[in-house]
Amino acid sequence: MSEKRQVDERAGKANLHGRSKDDRDALTALCTFSAAKEQINRLMRKAPQGIYHVIMLHIGNISQLTDEYGFAFAMAVLENQAALLRLCFRLQDDVILCRLGKDAMMAFVREEDIGKVESHARLVQEKLQNRYFGRREKLRCRVTMGVFHVPADERDLKRILICAGKAVAYGLRCRIPYVVYGESMAEEAVSEDESLTAEKTDEERRLQYEGNFIAFAVSLLSNTSDLDSSLDMLAKQMGWHFNYDEVLISEFIEDNSTMVSNRWRRGEGVVPNPEEINTFDDWDDFFSGFDKDGVNLTCDVEKGGYSERDLAFFHEKGIGSFINLLLYSNGHPIGYVTCSRKRPVEQMPDRELNTLIQLGKVISSFVALRFQNRRNQEHIETLRRDELTGLYHYGAFQKEVRRALYQCDPGLTYAMVYMDVSNFAYLNENFGYSEGNQLLKDMARWLRYMNAKRCICGRVYADRFVILVTGDSQEAIEQEIRQSVSRFTDYLLHRYPMGDLQVRAGLYYIDNPEAEIFTMIDAANHARKIIKEDYLNHVMVYTERLRQTRADKINVVASIHDAIDKGDVEAYLQPKFSMRTGEVVGAEALVRWHNADGSLKYPDQFIPVLEEVGYIVNVDFCVFRQVLDSLKRWKAEGRKLVPISVNFSRVHFRDQHFSDKVIELLREYEVEPAYIEIEVTESCISGNPLGMVQQMTQLRENGLKIAMDDFGIGYSSLGMLIDANVDIVKVDKSFIDHYETDQEQQYINRIGQLVRAAGKDIIFEGVETRQQVEFLREYGYDKAQGYVFSRPVPIPEFEKWISI
């Protein structure tokens with residue numbers, strides 16, 4: 001078929017649909033909106049009983065692409081997307097495609113099968129979404145699609161388009177890429193201003209450049225897996241298209257040098273593997289020649305005011321005129337493009353200059369991508385994913401985060417999130433490991449879509465996950481995390497109503513992208529741990545207060561062993577008195593930590609921290625040794641010996657050899673067991689683990705006594721006293737703090753009587769006033785300790801109560 005005949009047939013087909021050249025959008029070759037309205041109305045009048053559908057597309061990052069890579073690049077993206085849209089609908093009849101505005105397009109479809117329309121629309125959305133460089137998010141279009149199935153009784157085109165627009169608006173607001181209109185979207189706000197459907201924007205009219213060549217460049221570079229070869233091809237096409245003698249692309253490298261990575265020469269063609277290294281010293285005025293837009297245009301080097309050395313450089317290279325275009329990435333120059341001719345020229349036409357400037361912006365993005373790909377090669381072997389969830393392994397996650405933060409956008413906010421599912425063991429225990437694994441896969445899928453394409457997800461182990469999240473602000477990130485955590489928690493409660501499964505997330509905002517990744521993850525994990533059993537809060541943000549508290553804890557843990565070795569951890573003794581005779585009948589060993597400045601750390605400042613990490617064991621035995629040493633010395637000096645009670649954390653009872661160690665130390669210091677009381681808290685005893693009972697029994701069988709501390713503030717009942725494996729009960733001070741009324745006094749007395757009835761010795765703690773002493777004596781109680789008698793004192797000071 002002749003070319004003329006093909007053109008005539010295409011023209012005839014266009015006329016059948018009522019189209020002419022003026023009816024087409026100049027950029028995309030789709031129908032203009034005004035032309036589309038006429039065709040749609042004509043189609044609906046022709047087939048009023050037909051079933052119609054509107055597929056509306058919004059490309060959300062056209063403005064971002066314009067800002068970062070230039071207007072021509074963005075328009076080339078839109079042109080390529082329109083071409084792909086035409087390709088997707090090429091085999092379908094009764095389809096009207098049009099451009100609605102700068103970043104929106106539409107397909108009006110007649111089709112009986114609704115399922116077929118939705119399936120095809122979803123496929124189109126995915127193709128457009130993945131059109132540009134899946135290897136770099138910035139070069140992928142964010143496509144939101146809204147589908148509206150036109151009711152049989154609705155033929156008002158304006159209302160039809162508004163409904164489709166509401167579906168798109170809902171998708172944009174909820175970050176859902178594909179939306180079918182439903183009645184729940186009726187209240188969505190959407191513009192009804194038809195000025196949005198202008199055929200050409202003011203910027204398109206104003207900027208003169210060769211759009212087809214820009215579109216060719218974008219298409220060439222976007223659809224390749226070999227950037228080096230595609231940049232070679234583009235350099236060649238630029239040379240032939242604009243009649244240059246040489247085109248080269250150079251990248252800035254270390255040591256004040258550049259590397260020529262792509263070169264084309266007339267008569268020689270593409271130079272394979274140029275990789276020529278030049279220093280800026282070869283050209284005196286290299287950077288001074290660029291204007292504020294990164295352009296250095298010299299139409300005649302002889303008239304450019306260059307130094308003799310520069311002219312010698314141009315003569316050696318055979319350059320009579322040239323244009324240099326700086327390449328930028330994230331606002332920093334990364335290289336340049338040089339287009340040169342052997343002969344001088346009078347001037348460069350505006351159209352050629354504008355086209356080259358836009359090409360420079362296009363090339364910038366792909367040179368930056370090539371640089372990124374090179375750096376990523378060393379990570380390829382480590383970027384393996386977890387087999388179960390498909391997320392990064394922990395090590396690979398850290399490397400991916402480092403890469404992302406290395407090229408972070410200073411205009412965005414980055415945060416590290418650490419998540420887990422509380423009570424996860426419930427699933428494995430009640431439903432089996434397969435159900436637990438399914439939940440992990442569900443959670444991984446949710447994490448991948450939680451922050452769209454703006455996050456990196458990894459699995460630490462079990463149900464613990466880490467995510468690098470990107471957002472426009474801290475507030476936006478926190479809101480998104482809270483909403484996502486709430487939604488997934490609701491899903492867990494719905495699926496496992498008896499499981500009490502809760503998602504917990506710690507959030508750490510990254511203020512220094514160059515900090516250690518582990519530090520960021522650890523901070524987020526620490527914030528997660530703080531939540532504990534707070535059912536009203538599922539997300540905790542790492543704050544300065546948490547940082548300082550944690551720093552203090554780390555300092556405690558890091559310095560405790562050195563403090564013990566230096567003797568800074570000292571046993572203090574608080575005497576126990578007979579309220580009847582006033583004599584000292586025993587003492588309780590308490591711990592104090594001496595600071596370098598002479599002040600003291602008290603137990604509440606370090607014992608809870610040391611219990612968390614298990615180092616409390618070292619402190620307890622340090623105090624115990626000092627008590628044993630004192631008892632041994634008092635015996636040798638002929639002093640009065642009294643029983644000393646020593647506190648031992650529940651952590652000790654995890655060690656099955658704990659009782660053996662205590663007994664061995666008694667033998668080492670030659671101290672009789674009757675002078676040692678082992679104090680454990682009521683809550684520890686009420687838990688009643690089997691191993692603990694066995695060790696307490698062994699200690700008692702070897703002559704030691706067991707004292708239950710803090711009685712009355714735990715969760716045990718008084719009835720458990722009968723079976724409790726203890727000899728002494730210490731009543732917590734909270735009871736005698738309130739003794740003024742007759743009812744309160746009777747209550748305290750009944751507690752004492754029940755303790756006695758259980759066969760246990762009784763001592764009251766925290767006695768601070770003479771009135772409390774008189775009250776207890778009146779009811780027949782004898783032993784007490786508290787500030788009314790003495791505060792805890794150093795051992796030498798305690799010795800004044802035990803005469804020689």
# chains A, B, ... in the order shown; residues from 1 in each chain; ligands from 1

$ select_by_dssp --residues "range 158-365 of chain A" --states "alpha helix (DSSP H)" --output "PyMOL selection string"
chain A and resi 158-174+202-206+211-222+227-242+308-317+350-365

$ write_last_selection --atoms "C-alpha atoms" --output "PDB file, in the first residue's frame"
ATOM      1  CA  LYS A 158     -20.799  16.785  33.425  1.00  0.00           C
ATOM      2  CA  ARG A 159     -22.152  14.664  36.295  1.00  0.00           C
ATOM      3  CA  ILE A 160     -20.505  11.570  34.844  1.00  0.00           C
ATOM      4  CA  LEU A 161     -17.070  13.207  34.808  1.00  0.00           C
ATOM      5  CA  ILE A 162     -17.557  14.599  38.304  1.00  0.00           C
ATOM      6  CA  CYS A 163     -18.184  11.075  39.653  1.00  0.00           C
ATOM      7  CA  ALA A 164     -15.058   9.774  37.908  1.00  0.00           C
ATOM      8  CA  GLY A 165     -13.139  12.739  39.319  1.00  0.00           C
ATOM      9  CA  LYS A 166     -14.374  11.883  42.826  1.00  0.00           C
ATOM     10  CA  ALA A 167     -13.042   8.356  42.475  1.00  0.00           C
ATOM     11  CA  VAL A 168      -9.635   9.818  41.551  1.00  0.00           C
ATOM     12  CA  ALA A 169      -9.816  12.314  44.436  1.00  0.00           C
ATOM     13  CA  TYR A 170     -10.602   9.473  46.847  1.00  0.00           C
ATOM     14  CA  GLY A 171      -7.626   7.490  45.542  1.00  0.00           C
ATOM     15  CA  LEU A 172      -5.308  10.478  45.939  1.00  0.00           C
ATOM     16  CA  ARG A 173      -6.506  11.207  49.461  1.00  0.00           C
ATOM     17  CA  CYS A 174      -6.267   7.588  50.621  1.00  0.00           C
ATOM     18  CA  ASP A 202       0.834  28.642  29.283  1.00  0.00           C
ATOM     19  CA  GLU A 203       4.246  27.122  29.960  1.00  0.00           C
ATOM     20  CA  GLU A 204       3.884  24.855  26.940  1.00  0.00           C
ATOM     21  CA  ARG A 205       3.107  27.853  24.760  1.00  0.00           C
ATOM     22  CA  ARG A 206       5.954  29.911  26.156  1.00  0.00           C
ATOM     23  CA  GLY A 211       9.552  18.239  22.016  1.00  0.00           C
ATOM     24  CA  ASN A 212       9.838  15.219  19.759  1.00  0.00           C
ATOM     25  CA  PHE A 213      13.576  15.001  20.298  1.00  0.00           C
ATOM     26  CA  ILE A 214      13.173  15.330  24.079  1.00  0.00           C
ATOM     27  CA  ALA A 215      10.510  12.602  24.007  1.00  0.00           C
ATOM     28  CA  PHE A 216      12.894  10.417  22.010  1.00  0.00           C
ATOM     29  CA  ALA A 217      15.643  10.948  24.599  1.00  0.00           C
ATOM     30  CA  VAL A 218      13.379  10.139  27.523  1.00  0.00           C
ATOM     31  CA  SER A 219      12.025   7.038  25.805  1.00  0.00           C
ATOM     32  CA  LEU A 220      15.510   5.883  24.834  1.00  0.00           C
ATOM     33  CA  LEU A 221      16.911   6.176  28.334  1.00  0.00           C
ATOM     34  CA  SER A 222      13.804   5.056  30.192  1.00  0.00           C
ATOM     35  CA  LEU A 227      22.453   3.009  30.349  1.00  0.00           C
ATOM     36  CA  ASP A 228      25.993   3.267  28.975  1.00  0.00           C
ATOM     37  CA  SER A 229      24.932   2.150  25.495  1.00  0.00           C
ATOM     38  CA  SER A 230      21.802   4.321  25.531  1.00  0.00           C
ATOM     39  CA  LEU A 231      23.787   7.428  26.515  1.00  0.00           C
ATOM     40  CA  ASP A 232      26.206   6.596  23.694  1.00  0.00           C
ATOM     41  CA  MET A 233      23.260   6.472  21.292  1.00  0.00           C
ATOM     42  CA  LEU A 234      21.858   9.751  22.611  1.00  0.00           C
ATOM     43  CA  ALA A 235      25.234  11.484  22.197  1.00  0.00           C
ATOM     44  CA  LYS A 236      25.348  10.276  18.604  1.00  0.00           C
ATOM     45  CA  GLN A 237      21.821  11.464  17.849  1.00  0.00           C
ATOM     46  CA  MET A 238      22.544  14.869  19.415  1.00  0.00           C
ATOM     47  CA  GLY A 239      25.627  15.203  17.215  1.00  0.00           C
ATOM     48  CA  TRP A 240      23.816  14.354  13.993  1.00  0.00           C
ATOM     49  CA  HIS A 241      20.606  16.226  14.866  1.00  0.00           C
ATOM     50  CA  PHE A 242      22.322  19.544  15.709  1.00  0.00           C
ATOM     51  CA  GLU A 308      46.417  31.764  26.049  1.00  0.00           C
ATOM     52  CA  ARG A 309      46.497  28.489  27.889  1.00  0.00           C
ATOM     53  CA  ASP A 310      42.773  27.932  27.318  1.00  0.00           C
ATOM     54  CA  LEU A 311      43.094  28.833  23.640  1.00  0.00           C
ATOM     55  CA  ALA A 312      45.923  26.336  23.321  1.00  0.00           C
ATOM     56  CA  PHE A 313      43.602  23.747  24.862  1.00  0.00           C
ATOM     57  CA  PHE A 314      40.843  24.541  22.316  1.00  0.00           C
ATOM     58  CA  HIS A 315      43.290  24.464  19.408  1.00  0.00           C
ATOM     59  CA  GLU A 316      44.658  21.116  20.535  1.00  0.00           C
ATOM     60  CA  LYS A 317      41.123  19.685  20.731  1.00  0.00           C
ATOM     61  CA  ASP A 350      16.847  29.874  20.914  1.00  0.00           C
ATOM     62  CA  ARG A 351      15.073  26.660  19.945  1.00  0.00           C
ATOM     63  CA  GLU A 352      18.344  24.737  19.809  1.00  0.00           C
ATOM     64  CA  LEU A 353      19.557  26.282  23.079  1.00  0.00           C
ATOM     65  CA  ASN A 354      16.320  25.499  24.924  1.00  0.00           C
ATOM     66  CA  THR A 355      16.314  21.957  23.608  1.00  0.00           C
ATOM     67  CA  LEU A 356      19.903  21.359  24.738  1.00  0.00           C
ATOM     68  CA  ILE A 357      19.187  22.810  28.185  1.00  0.00           C
ATOM     69  CA  GLN A 358      16.220  20.471  28.571  1.00  0.00           C
ATOM     70  CA  LEU A 359      18.318  17.562  27.293  1.00  0.00           C
ATOM     71  CA  GLY A 360      20.908  18.389  29.947  1.00  0.00           C
ATOM     72  CA  LYS A 361      18.255  17.989  32.633  1.00  0.00           C
ATOM     73  CA  VAL A 362      17.157  14.677  31.141  1.00  0.00           C
ATOM     74  CA  ILE A 363      20.728  13.395  30.957  1.00  0.00           C
ATOM     75  CA  SER A 364      21.365  14.549  34.560  1.00  0.00           C
ATOM     76  CA  SER A 365      18.803  12.177  35.975  1.00  0.00           C
TER      77      SER A 365
END

$ residues_around --residues "range 405-411 of chain A" --least-positions-apart "4" --cutoff "10 Å" --atoms "only C-alpha atoms" --output "compact mmCIF listing (two decimals) with N, CA and C atoms, in the first residue's frame"
# COMPACT_ATOMS: atom_id res chain seq x y z
N SER A 329 22.46 16.75 40.41
CA SER A 329 21.67 15.77 41.15
C SER A 329 21.51 16.29 42.57
N ASN A 330 20.25 16.44 43.01
CA ASN A 330 19.96 16.99 44.34
C ASN A 330 20.66 18.33 44.56
N GLY A 331 20.71 19.13 43.49
CA GLY A 331 21.26 20.47 43.61
C GLY A 331 22.76 20.55 43.52
N GLN A 372 24.48 5.78 40.77
CA GLN A 372 23.85 5.01 41.84
C GLN A 372 23.96 3.51 41.58
N LYS A 399 22.13 -2.04 55.01
CA LYS A 399 22.88 -1.53 53.85
C LYS A 399 21.98 -0.73 52.92
N GLU A 400 20.74 -1.18 52.75
CA GLU A 400 19.80 -0.44 51.91
C GLU A 400 19.48 0.93 52.53
N VAL A 401 19.33 0.96 53.83
CA VAL A 401 19.06 2.23 54.51
C VAL A 401 20.25 3.18 54.37
N LEU A 468 12.39 1.93 57.30
CA LEU A 468 12.80 3.31 57.07
C LEU A 468 11.66 3.99 56.33
N THR A 470 9.77 7.52 54.82
CA THR A 470 10.00 8.86 54.31
C THR A 470 8.69 9.63 54.25
N GLY A 471 8.73 10.89 54.63
CA GLY A 471 7.53 11.71 54.60
C GLY A 471 7.85 13.18 54.44
N ASP A 472 6.80 13.97 54.30
CA ASP A 472 6.99 15.41 54.13
C ASP A 472 7.30 16.12 55.43
N SER A 473 6.91 15.54 56.57
CA SER A 473 7.14 16.16 57.87
C SER A 473 7.03 15.09 58.95
N ILE A 510 15.16 10.71 62.17
CA ILE A 510 16.59 10.72 61.86
C ILE A 510 17.03 12.17 61.62
N ASN A 512 20.40 12.99 61.79
CA ASN A 512 21.75 12.92 61.20
C ASN A 512 21.82 11.69 60.30
N PRO A 513 21.66 11.87 58.98
CA PRO A 513 21.66 10.72 58.07
C PRO A 513 22.96 9.93 58.07
N GLU A 514 24.05 10.53 58.58
CA GLU A 514 25.34 9.85 58.58
C GLU A 514 25.60 9.05 59.85
N ALA A 515 24.66 9.07 60.78
CA ALA A 515 24.82 8.32 62.02
C ALA A 515 24.78 6.83 61.75
N ILE A 517 23.52 3.22 61.51
CA ILE A 517 22.17 2.69 61.30
C ILE A 517 21.71 1.94 62.55

$ closest_residue --among "A:Leu27, A:Leu754, A:Cys339, A:Asp511" --to "Gln474 in chain A" --atoms "only C-alpha atoms"
A:Asp511

$ select_by_dssp --residues "range 509-678 of chain A" --states "strand (DSSP E)" --output "number ranges by chain"
A: 509, 539-541, 569-578, 584-594, 600-601, 644-647, 676-678

$ residues_around --residues "range 430-438 of chain A" --least-positions-apart "2" --cutoff "10 Å" --atoms "only C-alpha atoms" --output "VMD selection string"
chain A and resid 388 to 389 424 to 428 440 to 444 462 to 463 499

$ write_last_selection --atoms "C-alpha atoms" --output "compact mmCIF listing (two decimals), in the first residue's frame"
# COMPACT_ATOMS: atom_id res chain seq x y z
CA LEU A 388 9.07 -16.16 54.49
CA THR A 389 8.15 -12.47 54.26
CA PHE A 424 2.50 -13.24 69.18
CA ALA A 425 3.23 -16.54 70.92
CA TYR A 426 -0.54 -16.94 71.34
CA LEU A 427 -0.86 -17.80 67.65
CA ASN A 428 1.85 -20.43 67.63
CA LEU A 440 4.03 -12.62 59.49
CA LYS A 441 3.41 -12.67 55.73
CA ASP A 442 0.29 -10.54 56.15
CA MET A 443 2.21 -8.05 58.24
CA ALA A 444 5.05 -7.91 55.72
CA ALA A 462 10.35 -13.63 64.61
CA ASP A 463 7.64 -10.92 64.64
CA GLY A 499 -5.74 -13.32 71.13

$ closest_residue --among "A:Phe658, A:Ile736, A:Arg155, A:Gly395" --to "Gln49 in chain A" --atoms "only C-alpha atoms"
A:Arg155
